[in-house]
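Asks: Dumping the structure here so I can ask a few things about it.
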Amino acid sequence: MIPEPKVVNTIINGDSKQILVSERDSLLEALRDRIGMTGAKEGCNNGNCGACAVIMDGRLVNSCCVMAAEVEGSEIMTVEGLASRDELHPLQTEFLDNAALQCGICTPGFLMSSYALLQENPNPTEEETRFWLAGNLCRCTGYDKIIESVLTVAKG
Amino acid sequence: MQAVNYARATDVDDAIRLLSEGGENARVLAGGTDLIVQARERKRKVDLLVDVKHVEEFMVLEFDSSTGLKVGAATPLYQVYGDNNVKINYPALVDASTVIGGKAIQGRASLGGNLGNSSPAGDSLAAMIVLGGVATIAGPNGRREVPVGEFCTGPGQNVLESGELIVYISFPPVGDGEGAAWERFIPRNEMDIAVASAGAWVKIEDGSVTDARIALGAVAATPLVASDAAEALIGRPLTDETISSAGDAASAIARPITDMRGSIKQRKHLAKILTERTIRTAVERIR
């Protein structure tokens, strides 16, 4: 049985999109392979690492654990939607200034997870930040610079 | 990913029809945090995903002090632990649902999915058992109710028949003198699967335990209802001695395995320690 091609109507970073997907595609595959939005990364592809994190209808999700067909009628925000045309988001600026990344594969996921944290809790403690970001794995820089960056942005 | 098709159920009957027509490889899609990964890794044969998240009855979160709590099978965990009525009346559900995966998992995963996945280590299962949770199941022959403690029959196996699915899980109202707690052991702080877990619910009147429920996770092929541990408490004053005997009774019924997460000996020990701890926390929470 070959899954039928399917058109999915969604809003990505504020723009209406129609994406032609296979019903077996994950949201991550639809973003990366169908419409070339390669900001979300494939790390573990099983919900452990958070590299593919995006915001779906206001909630942080791992896009590898969402079927593309599920997002019909949903609003998605990806890391491509974080910066404005002229300016990086403060989290992006702080990650750069504080060298909170090395290889960068985990960074889009950390940025989206940190963004979701600050949306829900604009003044998190270090412990709250560490627990919130526990679903994002970094295998090179480690976590201290990332945590520091998020706390710096929160303090304004 | 194996070749799967996707269907969005329009109501409960539509979900039953899709599952029945889809046969044994049609699966209910709630948060997908287990199912999508299992389908991708070919740990389960899946050819149809039946998405129930656009049907209100699967997404409810209703509390009434006289009738209790009703949680839709696909209601995401963040809604459950973020709800004030749940926080005040069913903190054991908060204990469990806040440690299932990370935030991106909790945005999708559900109590019904955790139960339907039927892992012996499913974190919410022992909590739901001690809270008296009952799953309402719908299928081609109508509806039936199954207590959470009788739902799982083996690792990844349960009482659901072809075409059946969990619609919601209900919990009785909380009365005076009652408290509950759940705890697990993992060798780190978050993002791990339980080495062992335990839940306790106690009712205390005039200094004595008049009713209790104890349940264990990750120490047998299914979550365990530890009736002997509860019996060790009921009718007795709550002393260190009775709590310890309940812990011993819980340890005695544990039938764990040795694997990379822990040994039989460690898990038997944890069954006792976690039972004792959760009894004490449950008592502290009595209002």
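In the structure tokens, the first chain shown is A, the next is B, and so on; residue numbers restart at 1 for each chain, and ligands run from 1 in the order shown.
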Only residues of chain B matter here; which ones have an atom within 9 Å of chain A, counting only C-alpha atoms? Give them as a PyMOL selection string.

Replies: chain B and resi 1-8+31-38+40-41+47+51+101-108+189-191

Asks: Those same residues - N, CA and C atoms - I'd like them written as an mmCIF file, in the first residue's frame.

Replies:
data_model
loop_
_atom_site.group_PDB
_atom_site.id
_atom_site.type_symbol
_atom_site.label_atom_id
_atom_site.label_comp_id
_atom_site.auth_asym_id
_atom_site.auth_seq_id
_atom_site.Cartn_x
_atom_site.Cartn_y
_atom_site.Cartn_z
ATOM 1 N N MET B 1 10.001 5.584 7.561
ATOM 2 C CA MET B 1 8.647 5.281 8.074
ATOM 3 C C MET B 1 7.971 4.244 7.186
ATOM 4 N N GLN B 2 7.337 3.247 7.823
ATOM 5 C CA GLN B 2 6.555 2.305 7.029
ATOM 6 C C GLN B 2 5.371 3.051 6.404
ATOM 7 N N ALA B 3 4.771 2.437 5.386
ATOM 8 C CA ALA B 3 3.695 3.101 4.664
ATOM 9 C C ALA B 3 2.455 3.181 5.533
ATOM 10 N N VAL B 4 2.154 4.354 6.036
ATOM 11 C CA VAL B 4 0.950 4.522 6.843
ATOM 12 C C VAL B 4 0.025 5.535 6.192
ATOM 13 N N ASN B 5 -1.245 5.326 6.352
ATOM 14 C CA ASN B 5 -2.217 6.335 5.986
ATOM 15 C C ASN B 5 -2.751 6.988 7.246
ATOM 16 N N TYR B 6 -3.324 8.174 7.063
ATOM 17 C CA TYR B 6 -3.780 8.992 8.181
ATOM 18 C C TYR B 6 -5.255 9.300 7.989
ATOM 19 N N ALA B 7 -6.029 9.122 9.056
ATOM 20 C CA ALA B 7 -7.440 9.492 8.993
ATOM 21 C C ALA B 7 -7.808 10.263 10.248
ATOM 22 N N ARG B 8 -8.590 11.303 10.070
ATOM 23 C CA ARG B 8 -9.012 12.141 11.193
ATOM 24 C C ARG B 8 -10.450 11.772 11.549
ATOM 25 N N GLY B 31 -1.116 11.538 21.126
ATOM 26 C CA GLY B 31 0.037 12.437 20.986
ATOM 27 C C GLY B 31 1.123 11.902 20.075
ATOM 28 N N GLY B 32 1.101 10.594 19.817
ATOM 29 C CA GLY B 32 2.047 10.023 18.854
ATOM 30 C C GLY B 32 3.469 9.859 19.361
ATOM 31 N N THR B 33 3.723 10.225 20.627
ATOM 32 C CA THR B 33 5.113 10.223 21.085
ATOM 33 C C THR B 33 5.664 8.809 21.262
ATOM 34 N N ASP B 34 4.798 7.830 21.441
ATOM 35 C CA ASP B 34 5.218 6.424 21.380
ATOM 36 C C ASP B 34 4.938 5.843 20.000
ATOM 37 N N LEU B 35 3.686 6.023 19.533
ATOM 38 C CA LEU B 35 3.225 5.314 18.333
ATOM 39 C C LEU B 35 4.016 5.694 17.074
ATOM 40 N N ILE B 36 4.254 6.983 16.856
ATOM 41 C CA ILE B 36 4.946 7.401 15.628
ATOM 42 C C ILE B 36 6.370 6.837 15.615
ATOM 43 N N VAL B 37 7.009 6.860 16.794
ATOM 44 C CA VAL B 37 8.369 6.322 16.880
ATOM 45 C C VAL B 37 8.362 4.807 16.657
ATOM 46 N N GLN B 38 7.390 4.112 17.270
ATOM 47 C CA GLN B 38 7.303 2.652 17.086
ATOM 48 C C GLN B 38 7.034 2.295 15.625
ATOM 49 N N ARG B 40 7.861 4.141 13.002
ATOM 50 C CA ARG B 40 9.072 4.464 12.232
ATOM 51 C C ARG B 40 10.138 3.394 12.427
ATOM 52 N N GLU B 41 10.287 2.942 13.668
ATOM 53 C CA GLU B 41 11.337 1.960 13.968
ATOM 54 C C GLU B 41 10.849 0.515 13.748
ATOM 55 N N ASP B 47 -0.567 0.447 9.683
ATOM 56 C CA ASP B 47 -0.834 0.963 8.339
ATOM 57 C C ASP B 47 -1.908 2.040 8.305
ATOM 58 N N ASP B 51 -6.511 9.548 13.957
ATOM 59 C CA ASP B 51 -6.297 10.708 14.826
ATOM 60 C C ASP B 51 -7.613 11.062 15.514
ATOM 61 N N GLY B 101 8.865 12.302 29.773
ATOM 62 C CA GLY B 101 9.588 13.010 28.721
ATOM 63 C C GLY B 101 9.896 14.440 29.127
ATOM 64 N N GLY B 102 10.212 15.275 28.131
ATOM 65 C CA GLY B 102 10.458 16.689 28.381
ATOM 66 C C GLY B 102 9.256 17.511 27.950
ATOM 67 N N LYS B 103 9.431 18.831 27.905
ATOM 68 C CA LYS B 103 8.304 19.727 27.598
ATOM 69 C C LYS B 103 7.713 19.451 26.218
ATOM 70 N N ALA B 104 8.557 19.129 25.247
ATOM 71 C CA ALA B 104 8.055 18.912 23.888
ATOM 72 C C ALA B 104 7.247 17.615 23.798
ATOM 73 N N ILE B 105 7.523 16.664 24.709
ATOM 74 C CA ILE B 105 6.714 15.442 24.786
ATOM 75 C C ILE B 105 5.395 15.746 25.487
ATOM 76 N N GLN B 106 5.478 16.516 26.580
ATOM 77 C CA GLN B 106 4.276 16.797 27.379
ATOM 78 C C GLN B 106 3.270 17.671 26.634
ATOM 79 N N GLY B 107 3.710 18.339 25.580
ATOM 80 C CA GLY B 107 2.787 19.111 24.753
ATOM 81 C C GLY B 107 1.870 18.233 23.919
ATOM 82 N N ARG B 108 2.187 16.950 23.836
ATOM 83 C CA ARG B 108 1.436 16.036 22.970
ATOM 84 C C ARG B 108 0.960 14.773 23.708
ATOM 85 N N ASN B 189 18.046 13.299 36.880
ATOM 86 C CA ASN B 189 16.950 14.153 37.357
ATOM 87 C C ASN B 189 15.723 14.174 36.451
ATOM 88 N N GLU B 190 15.897 13.868 35.179
ATOM 89 C CA GLU B 190 14.779 13.995 34.239
ATOM 90 C C GLU B 190 15.055 13.148 33.007
ATOM 91 N N MET B 191 14.089 13.099 32.096
ATOM 92 C CA MET B 191 14.248 12.460 30.796
ATOM 93 C C MET B 191 14.796 11.039 30.901
#

Asks: Name the residues in contact with range 91-104 of chain A at a cut-off of 6 Å, using only C-alpha atoms, excluding same-chain residues fewer than 2 positions from it; report them as a list in words.

Replies: Leu88, His89, Cys106, Thr107, Thr141, Lys145, Ile146 and Ser149 of chain A

Asks: Could you please write out, as JSON, numbers by chain, every residue of range 149-228 of chain B that DSSP assigns to strand (DSSP E)?

Replies: {"B": [152, 153, 154, 157, 158, 165, 166, 167, 168, 169, 170, 171, 178, 179, 180, 181, 182, 183, 184, 185, 196, 197, 198, 199, 200, 201, 202, 203, 204, 205, 208, 209, 210, 211, 212, 213, 214, 215, 216, 217, 224, 225]}

Asks: With only C-alpha atoms as the counted atoms, please give the residues lying no more than 12 Å from Ala92 in chain B, apart from itself and same-chain residues fewer than 2 positions off, as a VMD selection string.

Replies: chain B and resid 80 to 81 86 to 90 94 to 99 123 to 133 171 178 to 184 198 to 202 278 to 279 281 to 282 285

Asks: DSSP on the backbone, alpha helix (DSSP H) only: what residues of range 57-155 of chain B does that give? Format it as number ranges by chain.

Replies: B: 77-82, 84-89, 91-97, 103-106, 111-117, 123-130

Asks: One decimal, Å: what's the distance from CA of Gly139 in chain B over to CA of Val159 in chain B, could you say?

Replies: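 One can read the CA of Gly139 in chain B to CA of Val159 in chain B distance as 12.0 Å.
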
Asks: Expressed in Å to a single decimal, how great is the separation between CA of Ala51 in chain A and CA of Ile105 in chain A?

Replies: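 For CA of Ala51 in chain A relative to CA of Ile105 in chain A, the distance reads 6.9 Å.
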
Asks: Pick from A:Leu118, A:Val21, A:Cys140, A:Val150: nearest to Glu72 in chain A, with only C-alpha atoms counted?

Replies: A:Val21

Asks: Between A:Leu151, A:Ala30, A:Leu82, A:Cys138, which has the minimum distance to Leu111 in chain A (counting only C-alpha atoms)?

Replies: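 Closest to Leu111 in chain A, using only C-alpha atoms: A:Leu82.
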
Asks: Find the distance between CA of Met77 in chain A and CA of Asn9 in chain A and write it in Å to one decimal.

Replies: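 Spanning CA of Met77 in chain A to CA of Asn9 in chain A is a straight-line distance of 14.3 Å.
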